[in-house]
Structures are given as structure tokens and as C-alpha cells.
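A short write-up of the structure that comes next.
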Amino acid sequence: MSKPLIEVHNLVTHYGETLILDRVSCAVHPGEIFVIIGGSGCGKTTLLRHMCGLLQATSGSIVYKDRDLTLLDEDELATLQRTIGIAFQSSGLFNSMTVGDNVALPIREYGNVDERLIDSIVRMKLSFVGLGDSGHLMPSELSGGMRKRAGLARAIALDPPLVYFDEPSAGLDPIMAAGLDELILDMRDLLGLTFVIVTHELDSIRKVADRIMMLDRGQAIFTGTVTEAENSDVPRVRQLFERRPDEFIAQRNF
Amino acid sequence: MSELRVACPDTLDHESGRTLWENVYQRDVSRNTTLVVDFSATERMDSLGGAWLVKIAEHVGKRKAVLKLVGQSGQVAELLDMVEPALQPASSRSKARAGFLETLGERTLSVLEESRDFAELCVDAVYWTIIAPLEGRGFRWNILIDEIHEMGVRAIKIVCLMNFLLGLIIAMLMAKQSEAYGISIFVADIVMIGFARELAAIMTAVVVSARTGAAIAAEIATMKVQEEIDALRGMGLNVNQFLVAPKLLALLLVLPCLVALGIVSGVAGGALWGIAVLGFQPSIWFTQTLNSAYTEDLVQGFLKTIIFALGIVLIGCHNGFRVSGGSRGVGLMTTRAVVMDIFMLITCDIVFAAVFYYILG
């Protein structure tokens, strides 16, 4: 098996006193679509934020490009972060700029490309996500799904090898969600990107995931392929794939 | 109908893409030309290469020529399919420039519309603050206490300090002027009359509009952006009753108190200079001060605070409700609220000065 692109070892994190992630380990290989699943509040988004150095861990390490993200200083971290594209749950677009300028921002700052080319790159990236003609609009003029796609376009602006996508299909209609799944597969195949996706949409997991990691109460309770997950003995995994509810929702409050 | 053929190199990346574009740029591409890009030799391309292709398509589109891609296969073909929408000529959305009259009309209408909104807000807010509680339609008294604490109690220190320093400044300047005529004791009168009529009210209102006015605008604007206002409306709650009325009543109660403290601090500031530097006996200075404290001055000084309090809260709320867009909109509206507050303060003050000293006095 090829060398992992990014590896997490025994990551432990707290928000204040609360334990959020408890000794989580995983490895993402190049060209893979790695999906992190789990119920609400299980630490999925937190893990993703750690994997791009936005949060400070209590203990454990995250190795990316032979460097441990938890030990780097700010400048080195920033350099590495430029090679990771992040599409946030609520898009994270800058409200004060047009969609086109949002996508152009990282290219202008770090892209090292011909200034004349920036408009074309922006137009192309926006066309990838189906927003070719929306570059002049402000983020507030977009619908939720369009914002999500614009956020993805900005995430891939610098052609990063690794892209994180937080809840790609949340709040999208099924047609749009399916389109986004296709888009993720196309980008992986054609541009050679590696994706780490946080989601809990079963359909989209079945369609795009190469491997799945399931988190439950801060612990990684399952890692493997979709088929393995569907035949897994772990009760929580079975429950998620069969969409069975908890007996009492209140029991899950911890 | 002429045809131009260019061959794409085996790898289409940033460098070779630029070469290809320069190649096309130098050729004579004009109307009725078909530019054929041959991809039969191309095995790899990346997204920067694709971007140069978009640039070529733009150039070709401007010259009203036609772009044709031929010979692509495998992965390159699939990638070209993804780039395809960006190769189409951009739909032209040329905005017609508005003429002078149109701009004038638009401005006028927007000012009228804003005035109407503001008038509605004023009427509604006053109703929910004063009339509705008397009719027994409810008032959020517990929120009122919080607001009084936030707007009033927590502002005491800064208000006192500002007025104290202003009193000191006035006494310093006036002492220098009056020294030559030997009437230094009248500095006490000047400080007292000045603070009672004008300075305490204005200084306090400026501090409060920077503190509270900005906070109100930012709070309501953020609530609007995050759909909290819609949530309130959806629950059938009246926004003016729920948000505006407690703030309005709180500031109406608090601002006169702050101004009273402002007068005392200002006079204390003047006294510090008078006693410590000019060397007057404290008893003489305070007798002089109290003798120049006229009821009429104090009454009109406090009357202003009612107008100021109304203005600060309503302007803050009005600008908060007008927000559009996200974080940037919140910043713009907060700025606008404070600017309008200060403008309102000075304008109202002119009206008061004119009415009380020239028309009535």
C-alpha cells in the first residue's frame, strides 16, 4: 500500500474540560476519498479542523508531508495549509467580495501564476462546480447549494493535493447532492485530488467513499470500506447503516 | 470561412499553455475563422493548462471566431468536458448606465422609503414602550433591568471621567482669559452654566451613542443576518415589543441619570482647577457655583436627554434592521448608526439652542 498522505496518531482533544476526541487514529492515502461519519456532536468537524491545523490538540500527532502539524510554528503551518483546500460547512465565503474574487483571493496571494490568467482560472474553477456565470454575484445573492459549490471552487483554487469537505450535501436537494458527488468523483479521477469528507448522508457515502471511519463519542469505532461497514458487527455502525433510531434520544445526551 | 489549426503539445500545463496562447494571440483570428485546437498528441493536462485554454476561448470569442477542439481522448477528453462550460462565451450582462434623472429619482425614492421605515419604527416603538404596557399588553421588565445595567451602570465610569476632564479643560481655558480682568471667580459660573445647559448633555450623549448606539445597531444587525429576527416574527412575537421597547425605555430612564452625574463630574473638574490652581477657598468656589445653577438651565439640559435617548435607540435599531449581506453589512450599518447619532445630536442641539435662547428667552 502506498505511503499515506496524511496520518493521525492517537489524537486526544478537549474543549475546556470536555473530552472531544479520544485516541483517534487514521491514515488517508493519495487518491482516496476518505469519509468520516458519525452522529451529530461526535467530533467529526473537530477532527477535520485538527487535520488542517486550525485547532490545538491535547496530545497525539498529525503527520502530513513528513511533518507533524501539532509541532509546527505558525509560518510553517501556514505553508502547509496552502496545500490543503478546505470547503467549510457554511461555505466560509467572504461576504464583502464577489464569488469570483473569493476564488481569486488565494490565487492572487499565493498562486504564482500569470496575473492575466487569474480571471480564466477563476472562470474555469467556477465552471467545474457549475457556477461559470455567477462570478460577479455577491455570496449573499447565492442559494445555499450555490454557496457550498462556490466554497468548493475556492478550496480547489490552488489545485491542492488534499481537499477537506465538511458536510457537502447538507441542506442540498437530492439532485444537487448527487451532482456534487459526481463532481467529487470526477475531481478525484481527473485532477488526482484526495478528499477527506465529513458527512452523514448514506446515499452519498455509498457512492463516493473508498474508506469510512466512524466516530462515536469521540472514539473511532470502525475503519474500512463501505461493504465492510454494511456487514460490520459493530452495533453502532449497523444502526447507522440501517437508519435505526436510538430507543431514547435522551440516552445519547452526554 | 477560413480555418486555423494549432497543435496542442503532449503536456498542457502552465508553461506550454502560455506558449499555446501566445501562438494563438499572434495569429490572425478574425470573424468567420474557425480555430481548431488539435489534442491528438496531448496525453496530460492540468488545471492551469485548462485555464490558458479558457483564455484562448475568451480571445476567440471576442474576435467572433469559433473554437473547435479535436482529437482529444481518454483522460484529457474527460477533463476537457469539465472545462467545457468555461469555454462558452460569457453571457453578456452589460448594465445600462443610469442617467442623471434616473439616479436622482432612485436616490429620492430610497430616501423617502427610508424615512417611511424610520417613521414607522418610531411610532411602533413609542407605542410598545409607553402605550402598550398601560393597555396591559406586556413589557419585558426583566430585560429592562439588564439593559439598564448594560447601558447605564456600566457606562458610569467613562461618562464621569469624560465630563470631569472636559470640566477641567473648560476651567483651564477660561481661567487664562479671565485672569487679565481679575474675574477668575466667574470660571465657576461658566463651568456650571456650561455643563447644565450644553456640555454634560452633549458629552454624555456622544459617549452613549458610541457605546450603546453602536452596540444596538450591531446586535440587531447580527440578529437579522442570522435569521433570529425572522425566527421572532415566525413565533408571532412583535420585534419592536421584544427588542426595541426595552432598550428605548432603558435609555430614556438612564440617560438623564448619566447626564446628572455628568454635570456633577464636570463641575468637580472645574472645581479642581479653581481650588488647586487658582487658589480659591472651596467654600467660596462652591457658593459661586451653586448661585449660578439656574433651574431653567437644568430643565432644558435634561429635556434634551429625552430627545437624545429616543434618537440614539431608534437610529441604532433602524440601521440594524436595514442590514443586508453578512459581516460586512453589520460593520457598515454600525458605522452608519454612530455617524447618524452624532449628526442627530448636534442638529437637535442647534434647535434647542435656537428655541430656548432666542425664541423663548
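Chain lettering (A, B, ...) mirrors the order of the C-alpha cells, residue numbering begins at 1 for each chain separately, and ligand numbering begins at 1 in order of display.
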
Which polymer residues have any atom within 9 Å of an atom of B:Glu219, counting only C-alpha atoms, with same-chain residues fewer than 6 positions away left out, as a compact mmCIF listing (two decimals) with N, CA, C and O atoms, in the first residue's frame?
```txt
# COMPACT_ATOMS: atom_id res chain seq x y z
N CYS B 317 -31.53 50.98 16.16
CA CYS B 317 -32.43 49.91 15.72
C CYS B 317 -32.71 50.01 14.23
O CYS B 317 -32.65 49.02 13.51
N GLY B 320 -29.84 48.82 12.29
CA GLY B 320 -29.71 47.37 12.46
C GLY B 320 -30.68 46.62 11.57
O GLY B 320 -30.30 45.66 10.89
N VAL B 330 -22.98 44.30 8.62
CA VAL B 330 -23.08 44.63 10.04
C VAL B 330 -22.13 45.79 10.37
O VAL B 330 -22.51 46.75 11.03
```

For chain B, report every residue with an atom at most 6 Å from chain A (counting only C-alpha atoms), formatted as a list of chain:residue names.
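That gives the following set of residues: B:Ala51, B:Val54, B:Lys55, B:Met82, B:Pro85, B:Ala86, B:Gly325, B:Gly326, B:Arg328.
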
Every residue of stretch 143-172 of chain A that DSSP places in alpha helix (DSSP H), as a short mmCIF file (atom, residue, chain, number, x, y, z; two decimals) with N, CA, C and O atoms, in the first residue's frame:
```cif
data_model
loop_
_atom_site.label_atom_id
_atom_site.label_comp_id
_atom_site.auth_asym_id
_atom_site.auth_seq_id
_atom_site.Cartn_x
_atom_site.Cartn_y
_atom_site.Cartn_z
N GLY A 144 -28.20 28.36 -0.89
CA GLY A 144 -27.33 27.55 -0.03
C GLY A 144 -26.45 26.59 -0.82
O GLY A 144 -25.25 26.48 -0.57
N GLY A 145 -27.05 25.91 -1.79
CA GLY A 145 -26.29 24.95 -2.58
C GLY A 145 -25.22 25.62 -3.41
O GLY A 145 -24.09 25.12 -3.54
N MET A 146 -25.56 26.79 -3.95
CA MET A 146 -24.57 27.50 -4.77
C MET A 146 -23.39 27.96 -3.92
O MET A 146 -22.25 27.91 -4.34
N ARG A 147 -23.70 28.39 -2.68
CA ARG A 147 -22.62 28.82 -1.80
C ARG A 147 -21.67 27.68 -1.51
O ARG A 147 -20.46 27.84 -1.45
N LYS A 148 -22.28 26.50 -1.28
CA LYS A 148 -21.47 25.33 -0.96
C LYS A 148 -20.53 25.03 -2.13
O LYS A 148 -19.35 24.74 -1.94
N ARG A 149 -21.07 25.14 -3.34
CA ARG A 149 -20.24 24.85 -4.52
C ARG A 149 -19.19 25.92 -4.71
O ARG A 149 -18.05 25.64 -5.08
N ALA A 150 -19.57 27.18 -4.44
CA ALA A 150 -18.58 28.26 -4.55
C ALA A 150 -17.46 28.04 -3.53
O ALA A 150 -16.27 28.27 -3.83
N GLY A 151 -17.83 27.55 -2.34
CA GLY A 151 -16.82 27.25 -1.33
C GLY A 151 -15.87 26.17 -1.81
O GLY A 151 -14.65 26.24 -1.59
N LEU A 152 -16.42 25.17 -2.52
CA LEU A 152 -15.57 24.11 -3.07
C LEU A 152 -14.64 24.68 -4.14
O LEU A 152 -13.46 24.35 -4.19
N ALA A 153 -15.20 25.57 -4.98
CA ALA A 153 -14.37 26.17 -6.02
C ALA A 153 -13.19 26.92 -5.40
O ALA A 153 -12.07 26.88 -5.89
N ARG A 154 -13.44 27.61 -4.28
CA ARG A 154 -12.35 28.33 -3.63
C ARG A 154 -11.36 27.35 -3.02
O ARG A 154 -10.15 27.59 -3.03
N ALA A 155 -11.89 26.23 -2.49
CA ALA A 155 -10.99 25.24 -1.87
C ALA A 155 -10.02 24.66 -2.90
O ALA A 155 -8.88 24.36 -2.57
#
```

So which residues touch stretch 205-211 of chain A within 8 Å, counting only C-alpha atoms, skipping near sequence neighbours fewer than 3 positions away, as a PDB file with N, CA, C and O atoms, in the first residue's frame?
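Result file is selection-v9.pdb:
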```
ATOM      1  N   GLU A  32      -7.485   8.904  -2.578  1.00  0.00           N
ATOM      2  CA  GLU A  32      -8.566   8.205  -1.894  1.00  0.00           C
ATOM      3  C   GLU A  32      -9.661   9.201  -1.520  1.00  0.00           C
ATOM      4  O   GLU A  32      -9.402  10.377  -1.339  1.00  0.00           O
ATOM      5  N   ILE A  33     -10.897   8.706  -1.415  1.00  0.00           N
ATOM      6  CA  ILE A  33     -11.958   9.518  -0.828  1.00  0.00           C
ATOM      7  C   ILE A  33     -12.276   8.909   0.524  1.00  0.00           C
ATOM      8  O   ILE A  33     -12.814   7.812   0.609  1.00  0.00           O
ATOM      9  N   PHE A  34     -11.857   9.608   1.553  1.00  0.00           N
ATOM     10  CA  PHE A  34     -11.955   9.102   2.916  1.00  0.00           C
ATOM     11  C   PHE A  34     -13.112   9.822   3.585  1.00  0.00           C
ATOM     12  O   PHE A  34     -13.140  11.044   3.633  1.00  0.00           O
ATOM     13  N   VAL A  35     -14.084   9.060   4.074  1.00  0.00           N
ATOM     14  CA  VAL A  35     -15.272   9.689   4.624  1.00  0.00           C
ATOM     15  C   VAL A  35     -15.321   9.467   6.131  1.00  0.00           C
ATOM     16  O   VAL A  35     -15.130   8.353   6.597  1.00  0.00           O
ATOM     17  N   ASP A 181     -21.714  14.785  -5.635  1.00  0.00           N
ATOM     18  CA  ASP A 181     -20.990  13.509  -5.504  1.00  0.00           C
ATOM     19  C   ASP A 181     -20.224  13.191  -6.792  1.00  0.00           C
ATOM     20  O   ASP A 181     -19.058  12.806  -6.760  1.00  0.00           O
ATOM     21  N   ILE A 184     -17.196  15.327  -7.046  1.00  0.00           N
ATOM     22  CA  ILE A 184     -16.092  14.889  -6.191  1.00  0.00           C
ATOM     23  C   ILE A 184     -15.356  13.730  -6.854  1.00  0.00           C
ATOM     24  O   ILE A 184     -14.124  13.705  -6.911  1.00  0.00           O
ATOM     25  N   LEU A 185     -16.134  12.766  -7.416  1.00  0.00           N
ATOM     26  CA  LEU A 185     -15.504  11.620  -8.082  1.00  0.00           C
ATOM     27  C   LEU A 185     -14.692  12.075  -9.288  1.00  0.00           C
ATOM     28  O   LEU A 185     -13.557  11.635  -9.489  1.00  0.00           O
ATOM     29  N   THR A 199     -19.576  13.661   6.485  1.00  0.00           N
ATOM     30  CA  THR A 199     -20.963  13.663   6.043  1.00  0.00           C
ATOM     31  C   THR A 199     -21.738  12.652   6.862  1.00  0.00           C
ATOM     32  O   THR A 199     -21.158  11.843   7.572  1.00  0.00           O
ATOM     33  N   HIS A 200     -23.092  12.712   6.787  1.00  0.00           N
ATOM     34  CA  HIS A 200     -23.841  11.566   7.253  1.00  0.00           C
ATOM     35  C   HIS A 200     -24.964  11.229   6.293  1.00  0.00           C
ATOM     36  O   HIS A 200     -25.965  10.680   6.671  1.00  0.00           O
ATOM     37  N   GLU A 201     -24.755  11.571   5.032  1.00  0.00           N
ATOM     38  CA  GLU A 201     -25.725  11.187   4.019  1.00  0.00           C
ATOM     39  C   GLU A 201     -25.377   9.790   3.526  1.00  0.00           C
ATOM     40  O   GLU A 201     -24.355   9.591   2.860  1.00  0.00           O
ATOM     41  N   LEU A 202     -26.228   8.817   3.828  1.00  0.00           N
ATOM     42  CA  LEU A 202     -25.910   7.422   3.474  1.00  0.00           C
ATOM     43  C   LEU A 202     -25.709   7.245   1.974  1.00  0.00           C
ATOM     44  O   LEU A 202     -24.780   6.574   1.528  1.00  0.00           O
ATOM     45  N   THR A 223     -13.151   1.446  10.988  1.00  0.00           N
ATOM     46  CA  THR A 223     -12.482   1.966   9.805  1.00  0.00           C
ATOM     47  C   THR A 223     -12.477   0.866   8.756  1.00  0.00           C
ATOM     48  O   THR A 223     -12.110  -0.277   9.067  1.00  0.00           O
ATOM     49  N   GLY A 224     -12.880   1.174   7.541  1.00  0.00           N
ATOM     50  CA  GLY A 224     -12.895   0.161   6.490  1.00  0.00           C
ATOM     51  C   GLY A 224     -13.695   0.619   5.302  1.00  0.00           C
ATOM     52  O   GLY A 224     -14.117   1.771   5.232  1.00  0.00           O
ATOM     53  N   THR A 225     -13.914  -0.282   4.330  1.00  0.00           N
ATOM     54  CA  THR A 225     -14.648   0.080   3.120  1.00  0.00           C
ATOM     55  C   THR A 225     -16.143   0.088   3.399  1.00  0.00           C
ATOM     56  O   THR A 225     -16.591  -0.350   4.455  1.00  0.00           O
ATOM     57  N   VAL A 226     -16.909   0.568   2.397  1.00  0.00           N
ATOM     58  CA  VAL A 226     -18.358   0.641   2.563  1.00  0.00           C
ATOM     59  C   VAL A 226     -18.936  -0.746   2.766  1.00  0.00           C
ATOM     60  O   VAL A 226     -19.790  -0.960   3.639  1.00  0.00           O
TER      61      VAL A 226
END
```

Using atom CA of B:Ser324 and atom CA of A:Glu167 as the two end points, give the distance in Å to one decimal.
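Value for the atom CA of B:Ser324-atom CA of A:Glu167 distance: 26.2 Å.
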